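K.L.:
File follows, my_file.txt with compact mmCIF, C-alpha atoms (C1' of nucleotides):
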# COMPACT_ATOMS: atom_id res chain seq x y z
CA MET A 1 238.94 149.15 -70.38
CA LYS A 2 239.94 146.10 -68.41
CA PRO A 3 241.47 146.38 -64.95
CA PRO A 4 245.22 145.82 -64.83
CA THR A 5 245.83 142.15 -64.27
CA GLN A 6 247.92 140.67 -61.50
CA ASN A 7 249.20 137.95 -63.80
CA ARG A 8 252.84 138.90 -63.38
CA ALA A 9 252.58 139.23 -59.62
CA ASN A 10 250.68 135.96 -59.36
CA GLN A 11 253.26 134.06 -61.37
CA THR A 12 256.11 135.58 -59.40
CA LEU A 13 254.39 134.62 -56.18
CA VAL A 14 253.91 131.03 -57.33
CA LEU A 15 257.54 130.74 -58.34
CA ALA A 16 258.72 132.21 -55.05
CA LEU A 17 256.63 129.74 -53.10
CA LEU A 18 257.52 126.64 -55.09
CA ARG A 19 261.22 127.41 -55.31
CA SER A 20 261.38 128.16 -51.61
CA GLN A 21 259.87 124.84 -50.78
CA GLN A 22 262.16 123.03 -53.24
CA ARG A 23 265.25 124.66 -51.83
CA PHE A 24 264.25 123.86 -48.31
CA MET A 25 263.54 120.22 -49.13
CA ARG A 26 266.88 119.89 -50.87
CA ALA A 27 268.61 121.32 -47.84
CA MET A 28 266.84 118.84 -45.54
CA GLY A 29 267.48 115.87 -47.81
CA PRO A 30 270.80 114.62 -46.41
CA ALA A 31 269.57 114.66 -42.80
CA PHE A 32 266.51 112.61 -43.65
CA ARG A 33 268.52 110.23 -45.74
CA SER A 34 271.07 109.61 -43.05
CA ALA A 35 268.19 108.72 -40.70
CA ASN A 36 266.64 106.43 -43.30
CA LEU A 37 263.47 108.48 -43.29
CA THR A 38 261.62 110.43 -45.94
CA ALA A 39 260.14 113.86 -45.29
CA SER A 40 256.62 112.44 -45.39
CA GLN A 41 257.51 109.68 -42.99
CA TRP A 42 258.95 112.19 -40.57
CA ASP A 43 255.93 114.44 -40.95
CA THR A 44 253.74 111.48 -40.03
CA LEU A 45 255.87 110.33 -37.10
CA GLU A 46 256.16 113.84 -35.71
CA THR A 47 252.42 114.42 -35.99
CA LEU A 48 251.63 111.17 -34.20
CA SER A 49 254.19 112.07 -31.56
CA ASN A 50 252.64 115.49 -30.99
CA LYS A 51 248.98 114.60 -31.22
CA GLY A 52 248.95 111.04 -29.99
CA PRO A 53 247.04 108.22 -31.74
CA LEU A 54 245.06 109.38 -34.75
CA SER A 55 242.76 107.87 -37.33
CA VAL A 56 243.96 107.68 -40.90
CA ASN A 57 241.44 110.34 -41.75
CA ASP A 58 242.61 112.75 -39.04
CA LEU A 59 246.19 112.24 -40.07
CA MET A 60 245.19 112.90 -43.65
CA ARG A 61 243.73 116.26 -42.68
CA LEU A 62 246.62 117.25 -40.44
CA THR A 63 249.29 116.44 -42.99
CA LEU A 64 247.21 117.64 -45.95
CA SER A 65 247.88 114.45 -47.84
CA SER A 66 245.58 112.48 -50.08
CA SER A 67 244.19 109.08 -49.21
CA GLY A 68 246.19 107.19 -51.78
CA ASN A 69 249.28 108.99 -50.64
CA LEU A 70 249.02 108.52 -46.91
CA ASP A 71 248.22 104.88 -47.44
CA VAL A 72 251.66 104.31 -48.93
CA VAL A 73 253.49 106.31 -46.29
CA VAL A 74 251.66 104.48 -43.51
CA LYS A 75 252.34 101.13 -45.12
CA ASN A 76 256.06 101.82 -45.21
CA LEU A 77 256.08 103.05 -41.60
CA VAL A 78 254.16 99.98 -40.43
CA GLN A 79 256.58 97.76 -42.32
CA ALA A 80 259.49 99.57 -40.70
CA GLY A 81 257.94 98.90 -37.30
CA PHE A 82 257.47 102.54 -36.30
CA ILE A 83 253.68 102.66 -36.18
CA GLU A 84 250.81 100.25 -35.65
CA LYS A 85 247.37 100.18 -37.16
CA ALA A 86 244.38 98.94 -35.17
CA VAL A 87 240.65 98.80 -35.73
CA ASP A 88 238.68 101.30 -33.69
CA GLU A 89 236.06 99.22 -31.90
CA LYS A 90 233.79 102.25 -31.53
CA ASP A 91 233.59 102.65 -35.29
CA ARG A 92 234.88 99.67 -37.16
CA ARG A 93 235.51 101.67 -40.32
CA VAL A 94 238.22 103.63 -38.56
CA ARG A 95 241.84 102.56 -38.28
CA VAL A 96 243.75 104.12 -35.42
CA LEU A 97 247.44 104.75 -35.92
CA CYS A 98 249.89 105.02 -33.06
CA LEU A 99 253.62 104.99 -32.57
CA THR A 100 255.27 101.78 -31.43
CA SER A 101 258.05 101.97 -28.88
CA GLU A 102 260.47 101.81 -31.80
CA GLY A 103 258.56 104.73 -33.31
CA HIS A 104 258.87 106.77 -30.12
CA GLN A 105 262.54 105.91 -30.01
CA LYS A 106 263.04 106.96 -33.61
CA VAL A 107 261.40 110.32 -32.93
CA ALA A 108 263.52 110.81 -29.83
CA ASP A 109 266.65 109.86 -31.75
CA PHE A 110 266.08 112.01 -34.80
CA MET A 111 264.58 115.10 -33.19
CA PRO A 112 267.93 116.55 -32.04
CA THR A 113 269.44 116.03 -35.49
CA HIS A 114 266.37 117.52 -37.08
CA ASN A 115 266.52 120.58 -34.85
CA ARG A 116 270.21 121.04 -35.46
CA THR A 117 269.70 120.78 -39.21
CA LEU A 118 266.93 123.38 -39.13
CA ASP A 119 269.17 125.67 -37.10
CA GLU A 120 271.85 125.39 -39.76
CA ILE A 121 269.46 125.81 -42.67
CA PHE A 122 267.86 128.88 -41.11
CA SER A 123 271.07 130.26 -39.65
CA HIS A 124 270.92 133.32 -41.91
CA LEU A 125 267.49 134.30 -40.62
CA ASN A 126 267.20 135.96 -37.23
CA ALA A 127 264.25 135.44 -34.87
CA GLN A 128 262.47 138.52 -36.12
CA GLN A 129 262.80 137.43 -39.75
CA LYS A 130 261.49 133.99 -38.91
CA ARG A 131 258.47 135.51 -37.21
CA GLU A 132 257.80 137.71 -40.23
CA THR A 133 258.03 134.78 -42.59
CA ILE A 134 255.67 132.72 -40.44
CA THR A 135 253.18 135.58 -40.23
CA ILE A 136 253.20 136.18 -43.96
CA LEU A 137 252.85 132.49 -44.76
CA ASN A 138 250.00 132.09 -42.31
CA ARG A 139 248.18 134.98 -43.92
CA PHE A 140 248.87 133.49 -47.33
CA ARG A 141 247.46 130.14 -46.27
CA LYS A 142 244.40 131.69 -44.70
CA ALA A 143 243.75 133.55 -47.94
CA LEU A 144 243.68 130.24 -49.80
CA ASP A 145 240.83 128.78 -47.77
CA MET B 1 273.73 128.21 -19.64
CA LYS B 2 272.69 127.46 -23.19
CA PRO B 3 271.28 130.12 -25.47
CA PRO B 4 267.53 129.90 -26.02
CA THR B 5 266.90 127.69 -29.00
CA GLN B 6 264.84 128.59 -32.00
CA ASN B 7 263.49 125.06 -32.24
CA ARG B 8 259.87 126.03 -31.88
CA ALA B 9 260.15 128.90 -34.34
CA ASN B 10 262.02 126.74 -36.82
CA GLN B 11 259.43 123.99 -36.71
CA THR B 12 256.59 126.48 -37.05
CA LEU B 13 258.32 128.03 -40.02
CA VAL B 14 258.76 124.66 -41.70
CA LEU B 15 255.13 123.77 -41.17
CA ALA B 16 253.97 127.14 -42.50
CA LEU B 17 256.05 126.70 -45.63
CA LEU B 18 255.13 123.10 -46.37
CA ARG B 19 251.44 123.52 -45.66
CA SER B 20 251.29 126.66 -47.78
CA GLN B 21 252.78 124.85 -50.69
CA GLN B 22 250.48 121.85 -50.20
CA ARG B 23 247.38 124.02 -50.05
CA PHE B 24 248.41 125.89 -53.14
CA MET B 25 249.07 122.72 -55.12
CA ARG B 26 245.74 121.29 -54.08
CA ALA B 27 244.02 124.44 -55.25
CA MET B 28 245.77 124.28 -58.61
CA GLY B 29 245.11 120.57 -59.09
CA PRO B 30 241.80 120.66 -60.94
CA ALA B 31 243.02 123.21 -63.49
CA PHE B 32 246.07 121.13 -64.33
CA ARG B 33 244.04 117.97 -64.50
CA SER B 34 241.49 119.44 -66.85
CA ALA B 35 244.37 120.42 -69.15
CA ASN B 36 245.90 116.96 -68.88
CA LEU B 37 249.09 118.41 -67.49
CA THR B 38 250.95 117.94 -64.23
CA ALA B 39 252.46 120.82 -62.30
CA SER B 40 255.96 119.72 -63.23
CA GLN B 41 255.05 119.42 -66.89
CA TRP B 42 253.64 122.93 -66.87
CA ASP B 43 256.68 124.24 -65.02
CA THR B 44 258.85 122.74 -67.76
CA LEU B 45 256.72 123.98 -70.65
CA GLU B 46 256.46 127.47 -69.19
CA THR B 47 260.20 127.65 -68.59
CA LEU B 48 260.97 126.57 -72.14
CA SER B 49 258.43 129.09 -73.41
CA ASN B 50 260.00 131.93 -71.42
CA LYS B 51 263.67 131.10 -71.89
CA GLY B 52 263.68 129.40 -75.26
CA PRO B 53 265.55 126.13 -75.99
CA LEU B 54 267.54 124.86 -73.03
CA SER B 55 269.83 121.96 -72.23
CA VAL B 56 268.61 119.33 -69.81
CA ASN B 57 271.15 120.64 -67.34
CA ASP B 58 270.00 124.25 -67.62
CA LEU B 59 266.39 123.19 -67.21
CA MET B 60 267.39 121.17 -64.17
CA ARG B 61 268.91 124.24 -62.57
CA LEU B 62 266.01 126.54 -63.45
CA THR B 63 263.33 124.18 -62.19
CA LEU B 64 265.40 122.97 -59.23
CA SER B 65 264.72 119.37 -60.12
CA SER B 66 267.00 116.38 -59.89
CA SER B 67 268.39 114.54 -62.89
CA GLY B 68 266.34 111.41 -62.38
CA ASN B 69 263.27 113.52 -61.93
CA LEU B 70 263.53 115.78 -64.92
CA ASP B 71 264.30 112.79 -67.07
CA VAL B 72 260.84 111.37 -66.40
CA VAL B 73 259.05 114.67 -66.88
CA VAL B 74 260.87 115.29 -70.16
CA LYS B 75 260.16 111.77 -71.34
CA ASN B 76 256.44 112.24 -70.79
CA LEU B 77 256.45 115.62 -72.50
CA VAL B 78 258.34 114.24 -75.50
CA GLN B 79 255.89 111.36 -75.70
CA ALA B 80 252.99 113.82 -75.57
CA GLY B 81 254.56 115.68 -78.48
CA PHE B 82 255.07 118.97 -76.65
CA ILE B 83 258.86 119.12 -76.66
CA GLU B 84 261.72 117.77 -78.74
CA LYS B 85 265.15 116.63 -77.71
CA ALA B 86 268.13 117.11 -80.00
CA VAL B 87 271.87 116.57 -79.70
CA ASP B 88 273.87 119.77 -79.42
CA GLU B 89 276.49 119.50 -82.15
CA LYS B 90 278.81 121.89 -80.30
CA ASP B 91 278.94 119.55 -77.32
CA ARG B 92 277.63 116.12 -78.09
CA ARG B 93 276.98 115.34 -74.41
CA VAL B 94 274.32 118.02 -74.32
CA ARG B 95 270.66 117.49 -75.25
CA VAL B 96 268.81 120.63 -76.22
CA LEU B 97 265.11 120.75 -75.42
CA CYS B 98 262.68 122.96 -77.26
CA LEU B 99 258.94 123.31 -77.62
CA THR B 100 257.28 121.81 -80.69
CA SER B 101 254.50 123.75 -82.39
CA GLU B 102 252.07 121.64 -80.37
CA GLY B 103 253.99 122.65 -77.27
CA HIS B 104 253.75 126.34 -78.12
CA GLN B 105 250.05 125.85 -78.80
CA LYS B 106 249.54 124.10 -75.47
CA VAL B 107 251.21 126.96 -73.61
CA ALA B 108 249.09 129.49 -75.49
CA ASP B 109 245.95 127.49 -74.77
CA PHE B 110 246.52 126.88 -71.10
CA MET B 111 248.04 130.20 -70.08
CA PRO B 112 244.71 132.07 -69.87
CA THR B 113 243.19 129.29 -67.78
CA HIS B 114 246.26 129.22 -65.60
CA ASN B 115 246.14 132.98 -65.06
CA ARG B 116 242.45 132.90 -64.30
CA THR B 117 242.95 130.09 -61.80
CA LEU B 118 245.73 131.98 -60.05
CA ASP B 119 243.52 135.06 -59.91
CA GLU B 120 240.85 133.03 -58.17
CA ILE B 121 243.23 131.28 -55.80
CA PHE B 122 244.85 134.58 -54.81
CA SER B 123 241.64 136.59 -54.84
CA HIS B 124 241.82 137.20 -51.10
CA LEU B 125 245.25 138.76 -51.36
CA ASN B 126 245.57 142.31 -52.63
CA ALA B 127 248.50 143.58 -54.68
CA GLN B 128 250.31 144.88 -51.64
CA GLN B 129 249.97 141.59 -49.81
CA LYS B 130 251.26 139.68 -52.81
CA ARG B 131 254.28 141.94 -52.97
CA GLU B 132 254.96 141.41 -49.29
CA THR B 133 254.71 137.66 -49.65
CA ILE B 134 257.06 137.67 -52.63
CA THR B 135 259.57 139.85 -50.80
CA ILE B 136 259.54 137.67 -47.70
CA LEU B 137 259.86 134.46 -49.70
CA ASN B 138 262.72 135.87 -51.75
CA ARG B 139 264.55 136.80 -48.59
CA PHE B 140 263.85 133.35 -47.20
CA ARG B 141 265.22 131.67 -50.29
CA LYS B 142 268.30 133.85 -50.34
CA ALA B 143 268.95 132.93 -46.70
CA LEU B 144 269.00 129.27 -47.68
CA ASP B 145 271.86 129.62 -50.18
C1' DG C 1 213.64 97.75 -40.12
C1' DT C 2 214.89 98.10 -44.79
C1' DT C 3 216.85 101.24 -48.14
C1' DA C 4 219.72 105.12 -49.35
C1' DT C 5 223.43 107.95 -48.22
C1' DT C 6 227.47 109.19 -46.10
C1' DT C 7 231.95 108.13 -44.32
C1' DA C 8 236.59 105.75 -43.69
C1' DT C 9 239.69 103.12 -45.66
C1' DC C 10 242.04 100.71 -49.20
C1' DC C 11 243.51 99.62 -53.91
C1' DC C 12 244.89 100.79 -58.68
C1' DT C 13 247.25 103.51 -62.07
C1' DA C 14 250.06 107.14 -63.69
C1' DT C 15 253.36 110.33 -62.67
C1' DA C 16 256.79 112.67 -59.79
C1' DT C 17 260.81 112.70 -56.97
C1' DA C 18 265.59 111.80 -55.32
C1' DG C 19 269.97 109.64 -55.18
C1' DG C 20 273.41 106.89 -57.07
C1' DG C 21 275.66 104.37 -60.65
C1' DA C 22 276.72 103.79 -65.66
C1' DT C 23 278.14 105.80 -69.91
C1' DA C 24 279.81 108.82 -73.23
C1' DA C 25 281.77 113.20 -74.48
C1' DT C 26 284.75 116.80 -73.27
C1' DA C 27 288.41 119.13 -70.87
C1' DT C 28 292.78 119.07 -68.29
C1' DC C 29 297.30 118.07 -67.57
C1' DA C 30 301.76 115.62 -67.48
C1' DT D 1 299.55 112.14 -77.12
C1' DG D 2 297.80 109.59 -73.38
C1' DA D 3 295.95 109.26 -68.72
C1' DT D 4 292.81 111.47 -65.71
C1' DA D 5 289.11 114.26 -64.27
C1' DT D 6 285.00 116.60 -65.15
C1' DT D 7 280.59 117.11 -67.11
C1' DA D 8 275.93 115.90 -69.20
C1' DT D 9 272.80 112.70 -69.58
C1' DC D 10 270.41 108.52 -68.73
C1' DC D 11 268.91 104.47 -66.14
C1' DC D 12 267.52 101.98 -61.89
C1' DT D 13 265.19 101.59 -57.56
C1' DA D 14 262.40 103.08 -53.86
C1' DT D 15 259.15 106.11 -52.37
C1' DA D 16 255.72 109.85 -52.76
C1' DT D 17 251.71 111.85 -54.76
C1' DA D 18 246.96 112.37 -56.53
C1' DG D 19 242.54 110.96 -58.11
C1' DG D 20 239.07 107.71 -58.67
C1' DG D 21 236.79 103.46 -57.85
C1' DA D 22 235.68 99.57 -54.69
C1' DT D 23 234.28 98.01 -50.26
C1' DA D 24 232.61 97.92 -45.73
C1' DA D 25 230.69 100.16 -41.82
C1' DA D 26 227.72 103.51 -39.95
C1' DT D 27 224.04 106.83 -40.27
C1' DA D 28 219.83 108.81 -42.10
C1' DA D 29 215.40 108.50 -44.36
C1' DC D 30 211.25 106.60 -44.79
Let me see the structure of the file written as C-alpha cells.
P.N.:
Amino acid sequence: MKPPTQNRANQTLVLALLRSQQRFMRAMGPAFRSANLTASQWDTLETLSNKGPLSVNDLMRLTLSSSGNLDVVVKNLVQAGFIEKAVDEKDRRVRVLCLTSEGHQKVADFMPTHNRTLDEIFSHLNAQQKRETITILNRFRKALD
Amino acid sequence: MKPPTQNRANQTLVLALLRSQQRFMRAMGPAFRSANLTASQWDTLETLSNKGPLSVNDLMRLTLSSSGNLDVVVKNLVQAGFIEKAVDEKDRRVRVLCLTSEGHQKVADFMPTHNRTLDEIFSHLNAQQKRETITILNRFRKALD
DNA sequence: GTTATTTATCCCTATATAGGGATAATATCA
DNA sequence: TGATATTATCCCTATATAGGGATAAATAAC
C-alpha cells in the first residue's frame, strides 16, 4: 500500500504562492508605472543602493535572475542613465555596476512613494501578521535549497 | 511625533515573497522544459482540465493574467494543438476555450511528472508545514483584496 | 609556459507579461 | 428604434524572462 500522497496539498501550496505574487505585483503596478520603472528595474536599483557597486554576477545572485534576463534589465537602466557599467581592472572579465547620481536621485525620489504604496497594499495586515508571513516564507525558501 | 513605520517589515515581506516565488519557479524549470511547456501554458492547461471549457475572460480571472498576456499563451497553445478556440453562439463576443484530445493527453502525461517534481521540491516541508504556509498565504492574499 | 578548465559576461531566440487602444457584439436607456 | 455605454477579445509595443551558445579573461594542470 502506497503512502498517502501530498499531491493536493502541493498543488494548493503552489497556487497560493503564485497567486499571492501575482496579486501583489498587480497591486504595485500603478506605482511603478507612474515612476516609469519596472519591478525588475526597481529591484536592481534598490539592490545597488543597499549594497553599493556590484558585479553583474553578484547582482544576478542577489536578485535571483538569469544572465540573459539581467542583461536586458541592466541595458535599459544604463540607457536610462541610472547605472553605469565599468570594467573591473582587477579581473577584466568582471563588469562592475554602480548607480549614477541620477540613479541615486531616482532611488531617493521613488522610495517614499514605494513605501507609501506598500503601506497601503499591506494595510490589512498588522505587524504581527507581517512577521508571521515573513517567517513562514523564509522557512519555505530555506526548504527549497 | 510620527507613528513608527512598517517600512522595514514591508520591504522584508516583499523580498520574502518575490524570492520565494523565484526560487520555486527555478526549481520547476527543468520539469517544464523537458515537457516542452512553460509555467503559464501548464497553468492554462491545468485550469481548463479542472474547470472544463472557459471563456478567455474567465480564464483571465482564474489565472490572474492580463488580456495581452493570455492572448499570447493561448495562441501558442492553440498552435501546439492543445486547446481550441470557438465562438460562443450565445454571445458572439465570447471565445470559448477547451482542451483538444491532445491537450487532455498532455495533461494526463505530464501530471505524474509534475506531482513527482513538486514532491521533490517540497520534500523538506512536512504536511503540517505545508498547511501552515497555505494558511498564511491565503490570509496574505485576502488582505490584498 | 602551454594547454585545459573554469568563470564572467554577452548575445540570440522564444515566450511571457502588462497596459492601452481598436473593434465588434451586446446591453442600456431615452 | 436609435444613441450610448459596457463588455469581450484582440493587437501593438516595450520590457522581462530563461536557457544555451559564444567569447574572453583568468586559473589550474601538467
K.L.:
Given the choices A:Thr38, A:Gln79, A:Asn115, A:Thr133, which gets closest to chain D if the distance is worked out from all atoms listed in the file?
P.N.:
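Ranking A:Thr38, A:Gln79, A:Asn115, A:Thr133 by distance to chain D, first place goes to A:Thr38.
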K.L.:
For C1' of DA18 (chain C) and C1' of DT15 (chain D), quote the distance in Å rounded to one decimal.
P.N.:
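Interatomic distance, C1' of DA18 (chain C) to C1' of DT15 (chain D): 9.1 Å.
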K.L.:
Could you please tell me, as a list in words, which residues of chain D have an atom within 10 Å of chain A when using all atoms listed in the file?
P.N.:
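Every residue meeting the condition is included here: DT15, DA16, DT17, DA18, DG19, DG20, DA24, DA25 and DA26 of chain D.
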K.L.:
Keeping only C-alpha atoms (C1' of nucleotides), write the selected residues to a file as a compact mmCIF listing (two decimals), in the frame of the given file.
P.N.:
# COMPACT_ATOMS: atom_id res chain seq x y z
C1' DT D 15 259.15 106.11 -52.37
C1' DA D 16 255.72 109.85 -52.76
C1' DT D 17 251.71 111.85 -54.76
C1' DA D 18 246.96 112.37 -56.53
C1' DG D 19 242.54 110.96 -58.11
C1' DG D 20 239.07 107.71 -58.67
C1' DA D 24 232.61 97.92 -45.73
C1' DA D 25 230.69 100.16 -41.82
C1' DA D 26 227.72 103.51 -39.95
K.L.:
Around (243.4, 104.6, -46.8) in the file's own coordinates, what residues are found within 6 Å if you use all atoms listed in the file, given back as an MDAnalysis selection string?
P.N.:
(chainID A and resid 67 71) or (chainID C and resid 9:10)
K.L.:
Can you list every residue of chain C that has an atom at most 10 Å from chain B, with its nearest atom pair and the distance in Å to one decimal, using all atoms listed in the file, ordered by chain then number, as CSV?
P.N.:
residue,atom,partner,partner_atom,distance
C:DT15,C1',B:Thr38,CA,8.1
C:DA16,C1',B:Asn69,CA,6.9
C:DT17,C1',B:Asn69,CA,5.6
C:DA18,C1',B:Ser66,CA,6.6
C:DG19,C1',B:Gly68,CA,8.3
C:DG20,C1',B:Gly68,CA,9.9
C:DA24,C1',B:Arg93,CA,7.2
C:DA25,C1',B:Arg93,CA,5.2
C:DT26,C1',B:Asp91,CA,7.6
K.L.:
I'd like the contact shell of Lys142 (chain B) - 10 Å cut-off, only C-alpha atoms (C1' of nucleotides), skipping same-chain residues fewer than 2 positions apart - returned as a PyMOL selection string.
P.N.:
(chain A and resi 20+23+124-125) or (chain B and resi 136-140+144-145)
K.L.:
Pick from B:Thr113, B:Leu64, B:Glu46, B:Glu102: nearest to chain A, with all atoms listed in the file counted?
P.N.:
B:Leu64
K.L.:
Find the residue from B:Leu97, B:Gln128, B:Phe122, B:Thr47 that sits nearest to chain A; use all atoms listed in the file when measuring.
P.N.:
B:Phe122
K.L.:
Can you give me N, CA and C atoms for region 8-27 of chain A, written as a compact mmCIF listing (two decimals), in the coordinates of the input?
P.N.:
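Dumped everything to part_6.txt:
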# COMPACT_ATOMS: atom_id res chain seq x y z
N ARG A 8 251.40 138.94 -63.66
CA ARG A 8 252.84 138.90 -63.38
C ARG A 8 253.11 138.65 -61.91
N ALA A 9 252.40 139.39 -61.06
CA ALA A 9 252.58 139.23 -59.62
C ALA A 9 252.21 137.81 -59.19
N ASN A 10 251.10 137.30 -59.73
CA ASN A 10 250.68 135.96 -59.36
C ASN A 10 251.74 134.93 -59.72
N GLN A 11 252.26 135.03 -60.93
CA GLN A 11 253.26 134.06 -61.37
C GLN A 11 254.54 134.17 -60.56
N THR A 12 254.92 135.38 -60.23
CA THR A 12 256.11 135.58 -59.40
C THR A 12 255.91 134.97 -58.02
N LEU A 13 254.71 135.17 -57.49
CA LEU A 13 254.39 134.62 -56.18
C LEU A 13 254.45 133.09 -56.19
N VAL A 14 253.89 132.48 -57.22
CA VAL A 14 253.91 131.03 -57.33
C VAL A 14 255.36 130.53 -57.38
N LEU A 15 256.14 131.15 -58.23
CA LEU A 15 257.54 130.74 -58.34
C LEU A 15 258.26 130.88 -57.02
N ALA A 16 258.04 131.99 -56.34
CA ALA A 16 258.72 132.21 -55.05
C ALA A 16 258.35 131.12 -54.06
N LEU A 17 257.09 130.77 -54.04
CA LEU A 17 256.63 129.74 -53.10
C LEU A 17 257.21 128.37 -53.45
N LEU A 18 257.07 127.97 -54.71
CA LEU A 18 257.52 126.64 -55.09
C LEU A 18 259.02 126.49 -54.95
N ARG A 19 259.76 127.51 -55.38
CA ARG A 19 261.22 127.41 -55.31
C ARG A 19 261.70 127.43 -53.87
N SER A 20 261.00 128.15 -53.02
CA SER A 20 261.38 128.16 -51.61
C SER A 20 261.23 126.79 -51.01
N GLN A 21 260.11 126.17 -51.32
CA GLN A 21 259.87 124.84 -50.78
C GLN A 21 260.89 123.84 -51.33
N GLN A 22 261.18 123.94 -52.63
CA GLN A 22 262.16 123.03 -53.24
C GLN A 22 263.52 123.18 -52.60
N ARG A 23 263.94 124.43 -52.42
CA ARG A 23 265.25 124.66 -51.83
C ARG A 23 265.32 124.13 -50.41
N PHE A 24 264.26 124.34 -49.68
CA PHE A 24 264.25 123.86 -48.31
C PHE A 24 264.34 122.33 -48.28
N MET A 25 263.54 121.68 -49.12
CA MET A 25 263.54 120.22 -49.13
C MET A 25 264.90 119.67 -49.53
N ARG A 26 265.54 120.30 -50.49
CA ARG A 26 266.88 119.89 -50.87
C ARG A 26 267.85 120.01 -49.70
N ALA A 27 267.71 121.10 -48.97
CA ALA A 27 268.61 121.32 -47.84
C ALA A 27 268.39 120.27 -46.75
